[in-house]
Protein chains: 4
Amino acid sequence: MNKGFASDNNAGIHPAVLKAISDANTGHVHGYGDDPYSREAILLFKDEFGADTEVFFVFNGTGANVLGLSTITRSYDSIVCSEKAHIQTDECGAPEKFTGCKLLPVATGNGKITPEGIIAHLHGFDFEHHSQPKVISISQVTEMGTVYYPEEIRELAELAHRHHMFLHMDGARISNAAVSLDMPFRSFTRDCGVDVLSFGGTKNGMMLGEAVLFFNPALTHETKYLRKQSMQLFSKMRFVSAQFLAFFKDDLWKENAIHANRMAKLLEKEIRKIPQIIITQNVDANAVFAIVPGNIIAALQEKYFFYLWDEKASEVRWMASFDTSEEEILDFTRFIKKLVS
Amino acid sequence: MNKGFASDNNAGIHPAVLKAISDANTGHVHGYGDDPYSREAILLFKDEFGADTEVFFVFNGTGANVLGLSTITRSYDSIVCSEKAHIQTDECGAPEKFTGCKLLPVATGNGKITPEGIIAHLHGFDFEHHSQPKVISISQVTEMGTVYYPEEIRELAELAHRHHMFLHMDGARISNAAVSLDMPFRSFTRDCGVDVLSFGGTKNGMMLGEAVLFFNPALTHETKYLRKQSMQLFSKMRFVSAQFLAFFKDDLWKENAIHANRMAKLLEKEIRKIPQIIITQNVDANAVFAIVPGNIIAALQEKYFFYLWDEKASEVRWMASFDTSEEEILDFTRFIKKLVS
Amino acid sequence: MNKGFASDNNAGIHPAVLKAISDANTGHVHGYGDDPYSREAILLFKDEFGADTEVFFVFNGTGANVLGLSTITRSYDSIVCSEKAHIQTDECGAPEKFTGCKLLPVATGNGKITPEGIIAHLHGFDFEHHSQPKVISISQVTEMGTVYYPEEIRELAELAHRHHMFLHMDGARISNAAVSLDMPFRSFTRDCGVDVLSFGGTKNGMMLGEAVLFFNPALTHETKYLRKQSMQLFSKMRFVSAQFLAFFKDDLWKENAIHANRMAKLLEKEIRKIPQIIITQNVDANAVFAIVPGNIIAALQEKYFFYLWDEKASEVRWMASFDTSEEEILDFTRFIKKLVS
Amino acid sequence: MNKGFASDNNAGIHPAVLKAISDANTGHVHGYGDDPYSREAILLFKDEFGADTEVFFVFNGTGANVLGLSTITRSYDSIVCSEKAHIQTDECGAPEKFTGCKLLPVATGNGKITPEGIIAHLHGFDFEHHSQPKVISISQVTEMGTVYYPEEIRELAELAHRHHMFLHMDGARISNAAVSLDMPFRSFTRDCGVDVLSFGGTKNGMMLGEAVLFFNPALTHETKYLRKQSMQLFSKMRFVSAQFLAFFKDDLWKENAIHANRMAKLLEKEIRKIPQIIITQNVDANAVFAIVPGNIIAALQEKYFFYLWDEKASEVRWMASFDTSEEEILDFTRFIKKLVS
């Protein structure tokens, strides 16, 4: 079967990342992060985000979001997010269960939320009957493949801080956002006022591993306990840390994300040549959303695995990965052309 | 620095396991366990434990315990365990936080709990003021390096079942127990009445990965949601599953555990030659507990990393791993002899 | 200061209810509900709702909702409700904290939710990434003072049951709904398919006390433990039960609710004579919502306590109680007329 | 049937308290504590405990303990308490469920815990694998009817504070302790270093109502939200507050507690005349624990309701209340004498 376009999660491990795991596999080191690989990986994050950045490695994206959010909330708080946010739709209630907080969804078409939508939830402060709004959470890249501009992020950060709230960013695909914006990570996160960032590795060529970054060290005196209690502390931590070493070495992250985004752009270009298919979202990063004639979907899914995003609308999601090839895109779109003709 | 004897967690990845990860790194497969590696790995577990065994892979031991326990409890239940159990002392309250249950510790010298100690907690059934005893949880190997005999496990299972409770086993080091008992996994778990088992891979040569096994499929209709909600669902699952394939192939697990246990026995033998050191626990598996003259500990820890188990008693824990060598043991004990002389 | 129209919570205790407390104050009885008053009160509920109804008394409305919802959910479930539901806006996140569930708000103008709005949330069944929709929760009377018709409730129950979900009703003001519909309690709850009901006493003349009713006894084997664990088990239970005895005796509940609703109707009638004020919701029960000229609010609130419901819209909420008098209504509206003229 | 000696919970409402409820039943007042009765009741507590005491009224003792403990802990903390503590044995896991914390029981014969027993749990500070010891919780009066001396409390407070922990006191029967020690409340609580106190009203003549007191206002910025989220905020708060007004007026609390304690002493005196019965605990307050010939228990319980404390040991608990009469004691002991002869 073909690779398909289901998810950047379906891809494997970049060879350089796998090699880093292998290279780290010598002798014994202390567990739980007290090892030279982890120390070096943390330094690389500090290089990117500032020396006072606090870095906590975790297993997966849900774990990263929950650890970040539980650090900055109490159980009576609320978290404002997109109705399409991963924390709202794809974490099976882990944020509510672990933080106790209420999630307040904001309607959105393109995955991005705006001050107008958020402000409707920013009331009841100091009123004990009402969950206290404490976090605005955004995804960068969004779940719809779109990317926030720095000025949009800054505006949300200001809105949050004006209300003594935090701005949290789910950066499961932050590398794709960075190359889309052509900016260093820091410029559209910390420098725009993001307080806590889930920094994703898994979807961009790592086997597994995410980092939770805090840009105010004063926030993090609880985080190490919360990481352990949320079952996200890895005993053989060096093998996540070593992956991050490869991830940053020679800007592998960038190479991977540039490639994935370019493949999505190529897919977009080829799809736009097919009048029966309508692309529904800006292709800012590595995802293409499109409305496809219902009658070709079964045949297409027989050869290529991908998700039907919205069955009623006949809308699909196609994701490109670091290992998607031009040829695969062209084969895929040729096949679609054949199906629709 | 030397490898030390701190923990089987400090070891790396067995080469055959690493190779399995590498071999699985081809093309795209569906995420979250819907892949051929995971299907095959599950079959291997069913071969060991019976065809109706339900298998859920997770990241780490704490995650395994919490997933197993949350599947078989409600928040108003209690879990009876050793005062030295990992779930009681080393999971930073993850079981309480995620299940809501009360943990009831039983005093123990050697890590094993007995019906006498447990029964004191088995009251208040049907009395709404009292957390309802629902689980007896034991560790096999125990945290003190001892191993339950099958008849002991059967007795605890009968005690549990007589009270409509479950018997849970934390098998983070279950391979070491199997070779210690020289029995198949099934004979001292399912066949003795264990209901839920955390089956450990990480401490026996894997990079990471544990399996939660349920021997009554009727229990598990909630488990897949609880795994996701407890942040233990791995997107690129094939890379844990592939490790288990290597783990079971040619009985690698057995080879590793036999070696680790043998090294602990060698260490025990050499240590017993040193009259100034008193071994405090049976060396059933891969751990040696010993009371060591306080004045040599600093010098010893300078060269070898290990944990001071009980500072007041001057008791240390030394763990052997799949990759501990005879030479390392002999160097280590020679060095001790020099220090005490 | 005048009584005001802030809330039926601001009223006191109906004299007959207070007398019942006093009458029950003789000698010792068993605590926690094992007393003759509680047994008799439970029978009265069974008379109203059917002999197999399970009845649990609790302290307050939030406790009632949480106990009902936690009985019928697991932590990975979701609860669909109005964006204006008490459980969504006025319980400080108690449902999320105690159940672990996600609450999914449905937009509504008049407080009532419809199948169209709910269905958007009914997807992702059996998909472990997604909180599992398990409950539709409605308030009767709604938070906007409107009342569901039996056929609307039946439709929601059918929608719920078709998806193997439950229909929960927050009946904090259920007496006002019953007299508004002029139906027995059972006809618009159990007989329409409601599974779990929070039956309110406090807002209709009791000092405190609510009952959680389950119409399927098979659901409730966990409830007694959950009530204790959620801190809602009253030691001197007889003093809540005795209040319910008075509540049902000679249909006191009906007399109180008829009066409160009639006072709201009178208020509506008088307010409609004032062209500067626009009534914004149907006055189905004991609440009147109205847009009031912003410049009179301060003066009005100086003499009468009530809540500004929506500051931006200049919308207020006026509640009538069992003890509101005609004269108070007429004084109040006369004063408004003076203010606006 | 006779009153029995089951619990001070089985008693009713002191007439003066009931009258206070009735007196407060005039007109409308703001809900949720913003009323003159509540303000006055808070002042009475400040008079007793110091002007900067923060006071939160709740429904019941479990609610009081949970609100106090959740204010001063995070989910990864642990709470050290007696193995016989109400929070350990009689709250159905509410502390674990709501706080997420681990409870660490200390063995005790007489209900009092000592530094020796506690210190065994005071380790693992700053070690992320281990729940962080944060609270020592004691009950005054203990569950065994004994009373801590001020110097004992001071010692525990110093132990707690030396470890940056808090001392929590469950004062469900604090009035009985005060009269037992013949000291003002403050002298053996705040002045001895208690940080948080559950102050009980229900067991000493009130219908219901407890107060959670914090002696460091800096701790309480979260408490009002936690009270609401833990379902302990009473809408018609005045009716709890008014009870406390009566409770403190003319030292009613003291009169009630003196009487109850005196009755227990009388019971002790009469029982000591019966050689077949052995009193097992000091009768410091209003409870008598005794080993009773097994063959008389059934006959005794037929006429008098009381709890068999420890079935195997044939140990019973008899509680005196504010409304126990001398005659009842004498009838009871006469009847016992007849039974044993």
# chains A, B, ... in the order shown; residues from 1 in each chain; ligands from 1
>>> residues_around(residues="A:Lys228", least_positions_apart="5", cutoff="10 Å", atoms="only C-alpha atoms", output="list in words")
Tyr32, Val58, Leu67, Thr223, Leu233 and Phe234 of chain A; Thr62, Gly63, Asp90, Glu91, Cys92, Gly93 and Ala94 of chain B; Tyr76, Glu128, His129, His130 and Ser131 of chain D
>>> write_last_selection(atoms="N, CA and C atoms", output="PDB file, in the first residue's frame")
ATOM      1  N   TYR A  32      15.935   9.472  34.114  1.00  0.00           N
ATOM      2  CA  TYR A  32      14.985  10.553  34.376  1.00  0.00           C
ATOM      3  C   TYR A  32      15.512  11.939  34.019  1.00  0.00           C
ATOM      4  N   VAL A  58       8.641  15.360  27.471  1.00  0.00           N
ATOM      5  CA  VAL A  58       7.548  14.420  27.748  1.00  0.00           C
ATOM      6  C   VAL A  58       7.396  13.467  26.563  1.00  0.00           C
ATOM      7  N   LEU A  67       0.645  18.917  30.697  1.00  0.00           N
ATOM      8  CA  LEU A  67       1.652  19.369  31.652  1.00  0.00           C
ATOM      9  C   LEU A  67       1.745  20.895  31.656  1.00  0.00           C
ATOM     10  N   THR A 223       6.299  21.935  38.228  1.00  0.00           N
ATOM     11  CA  THR A 223       6.205  21.175  36.980  1.00  0.00           C
ATOM     12  C   THR A 223       6.839  19.803  37.071  1.00  0.00           C
ATOM     13  N   LEU A 233       7.135  11.158  32.782  1.00  0.00           N
ATOM     14  CA  LEU A 233       8.571  11.189  33.042  1.00  0.00           C
ATOM     15  C   LEU A 233       9.190   9.887  32.543  1.00  0.00           C
ATOM     16  N   PHE A 234      10.105  10.017  31.598  1.00  0.00           N
ATOM     17  CA  PHE A 234      10.718   8.883  30.910  1.00  0.00           C
ATOM     18  C   PHE A 234      11.968   8.450  31.677  1.00  0.00           C
TER      19      PHE A 234
ATOM     20  N   THR B  62       4.648   3.650  35.379  1.00  0.00           N
ATOM     21  CA  THR B  62       3.604   4.362  36.105  1.00  0.00           C
ATOM     22  C   THR B  62       2.335   4.406  35.272  1.00  0.00           C
ATOM     23  N   GLY B  63       2.495   4.677  33.989  1.00  0.00           N
ATOM     24  CA  GLY B  63       1.340   4.669  33.093  1.00  0.00           C
ATOM     25  C   GLY B  63       0.666   3.312  33.066  1.00  0.00           C
ATOM     26  N   ASP B  90       6.720   5.731  44.637  1.00  0.00           N
ATOM     27  CA  ASP B  90       7.534   6.243  43.531  1.00  0.00           C
ATOM     28  C   ASP B  90       6.752   6.732  42.333  1.00  0.00           C
ATOM     29  N   GLU B  91       5.488   6.993  42.496  1.00  0.00           N
ATOM     30  CA  GLU B  91       4.714   7.470  41.348  1.00  0.00           C
ATOM     31  C   GLU B  91       4.092   8.833  41.629  1.00  0.00           C
ATOM     32  N   CYS B  92       4.603   9.507  42.643  1.00  0.00           N
ATOM     33  CA  CYS B  92       4.223  10.891  42.950  1.00  0.00           C
ATOM     34  C   CYS B  92       2.698  11.076  43.007  1.00  0.00           C
ATOM     35  N   GLY B  93       2.028  10.033  43.482  1.00  0.00           N
ATOM     36  CA  GLY B  93       0.578  10.175  43.642  1.00  0.00           C
ATOM     37  C   GLY B  93      -0.223  10.011  42.356  1.00  0.00           C
ATOM     38  N   ALA B  94       0.408   9.509  41.293  1.00  0.00           N
ATOM     39  CA  ALA B  94      -0.348   9.330  40.044  1.00  0.00           C
ATOM     40  C   ALA B  94      -1.572   8.429  40.234  1.00  0.00           C
TER      41      ALA B  94
ATOM     42  N   TYR D  76       0.218  16.735  43.950  1.00  0.00           N
ATOM     43  CA  TYR D  76       1.362  15.843  44.130  1.00  0.00           C
ATOM     44  C   TYR D  76       1.857  15.828  45.581  1.00  0.00           C
ATOM     45  N   GLU D 128      11.144  14.136  42.785  1.00  0.00           N
ATOM     46  CA  GLU D 128       9.898  14.198  42.014  1.00  0.00           C
ATOM     47  C   GLU D 128       9.144  12.879  41.927  1.00  0.00           C
ATOM     48  N   HIS D 129       9.793  11.782  42.296  1.00  0.00           N
ATOM     49  CA  HIS D 129       9.108  10.494  42.251  1.00  0.00           C
ATOM     50  C   HIS D 129       8.168  10.299  43.438  1.00  0.00           C
ATOM     51  N   HIS D 130       8.331  11.138  44.406  1.00  0.00           N
ATOM     52  CA  HIS D 130       7.677  10.907  45.691  1.00  0.00           C
ATOM     53  C   HIS D 130       6.664  12.013  45.967  1.00  0.00           C
ATOM     54  N   SER D 131       5.459  11.632  46.341  1.00  0.00           N
ATOM     55  CA  SER D 131       4.482  12.622  46.802  1.00  0.00           C
ATOM     56  C   SER D 131       5.138  13.473  47.882  1.00  0.00           C
TER      57      SER D 131
END
>>> residues_around(residues="C:Arg39", least_positions_apart="6", cutoff="12 Å", atoms="only C-alpha atoms", output="VMD selection string")
chain C and resid 30 32 to 33 45 to 46 54 to 57 237 to 238 240 to 242 244 to 245
>>> interface_residues(of="chain C", to="chain B", cutoff="12 Å", atoms="only C-alpha atoms", output="MDAnalysis selection string")
chainID C and resid 31:33 70:71 73:77 97:102 124:132 221:235
>>> atom_distance(atom1="atom CA of D:Phe214", atom2="atom CA of D:Lys19")
29.1 Å
>>> residues_around(residues="B:Gln276", least_positions_apart="2", cutoff="10 Å", atoms="only C-alpha atoms", output="number ranges by chain")
B: 271-274, 278, 291-293, 337, 340-341
>>> write_last_selection(atoms="N, CA, C and O atoms", output="tab-separated table (two decimals), in the first residue's frame")
chain	number	residue	atom	x	y	z
B	271	ILE	N	29.99	-10.52	47.65
B	271	ILE	CA	29.76	-9.66	48.82
B	271	ILE	C	29.75	-10.49	50.11
B	271	ILE	O	30.24	-10.06	51.15
B	272	ARG	N	29.22	-11.70	50.01
B	272	ARG	CA	29.16	-12.53	51.21
B	272	ARG	C	30.56	-12.88	51.73
B	272	ARG	O	30.72	-13.29	52.87
B	273	LYS	N	31.53	-12.71	50.87
B	273	LYS	CA	32.90	-12.94	51.32
B	273	LYS	C	33.44	-11.79	52.16
B	273	LYS	O	34.54	-11.87	52.71
B	274	ILE	N	32.69	-10.69	52.17
B	274	ILE	CA	33.16	-9.50	52.89
B	274	ILE	C	32.39	-9.40	54.19
B	274	ILE	O	31.21	-9.03	54.22
B	278	ILE	N	26.52	-6.75	55.20
B	278	ILE	CA	25.45	-7.70	55.49
B	278	ILE	C	24.36	-7.58	54.43
B	278	ILE	O	23.77	-6.51	54.24
B	291	ILE	N	23.72	-3.84	53.93
B	291	ILE	CA	24.17	-2.81	54.87
B	291	ILE	C	25.68	-2.71	54.76
B	291	ILE	O	26.40	-3.71	54.90
B	292	VAL	N	26.13	-1.52	54.50
B	292	VAL	CA	27.52	-1.25	54.14
B	292	VAL	C	28.10	-0.29	55.17
B	292	VAL	O	27.38	0.62	55.61
B	293	PRO	N	29.33	-0.48	55.56
B	293	PRO	CA	29.93	0.49	56.50
B	293	PRO	C	29.79	1.91	55.98
B	293	PRO	O	30.14	2.20	54.83
B	337	LYS	N	36.32	-4.45	48.70
B	337	LYS	CA	37.23	-5.12	49.64
B	337	LYS	C	38.37	-4.22	50.05
B	337	LYS	O	38.76	-4.14	51.21
B	340	VAL	N	37.09	-1.53	52.52
B	340	VAL	CA	36.78	-1.94	53.90
B	340	VAL	C	38.01	-2.44	54.65
B	340	VAL	O	37.97	-2.58	55.88
B	341	SER	N	39.05	-2.75	53.92
B	341	SER	CA	40.20	-3.35	54.61
B	341	SER	C	41.06	-2.27	55.25
B	341	SER	O	41.02	-1.11	54.89
>>> atom_distance(atom1="atom CA of C:Leu122", atom2="atom CA of C:Val80")
8.7 Å
>>> select_by_dssp(residues="stretch 206-310 of chain D", states="helix (DSSP H, G or I)", output="ChimeraX atom specification")
/D:217-229,238-272,294-303
>>> closest_residue(among="A:Pro133, A:Pro15, A:Pro184, A:Gly61", to="A:His163", atoms="only C-alpha atoms")
A:Pro133
>>> residues_around(residues="C:Arg262", least_positions_apart="2", cutoff="10 Å", atoms="only C-alpha atoms", output="PyMOL selection string")
chain C and resi 179-180+256-260+264-268+284-286+320-322+324+326
>>> atom_distance(atom1="atom CA of B:Ile13", atom2="atom CA of B:Asp323")
9.3 Å
>>> select_by_dssp(residues="stretch 67-289 of chain B", states="strand (DSSP E or B)", output="ChimeraX atom specification")
/B:77-82,102-106,132-139,166-171,196-200,210-214,278-279,287-289
>>> residues_around(residues="D:Ser187", least_positions_apart="5", cutoff="10 Å", atoms="only C-alpha atoms", output="count of residues only")
8
>>> residues_around(residues="C:Leu208", least_positions_apart="5", cutoff="7 Å", atoms="only C-alpha atoms", output="NGL selection string")
:C and (59-60 or 201-202 or 240)
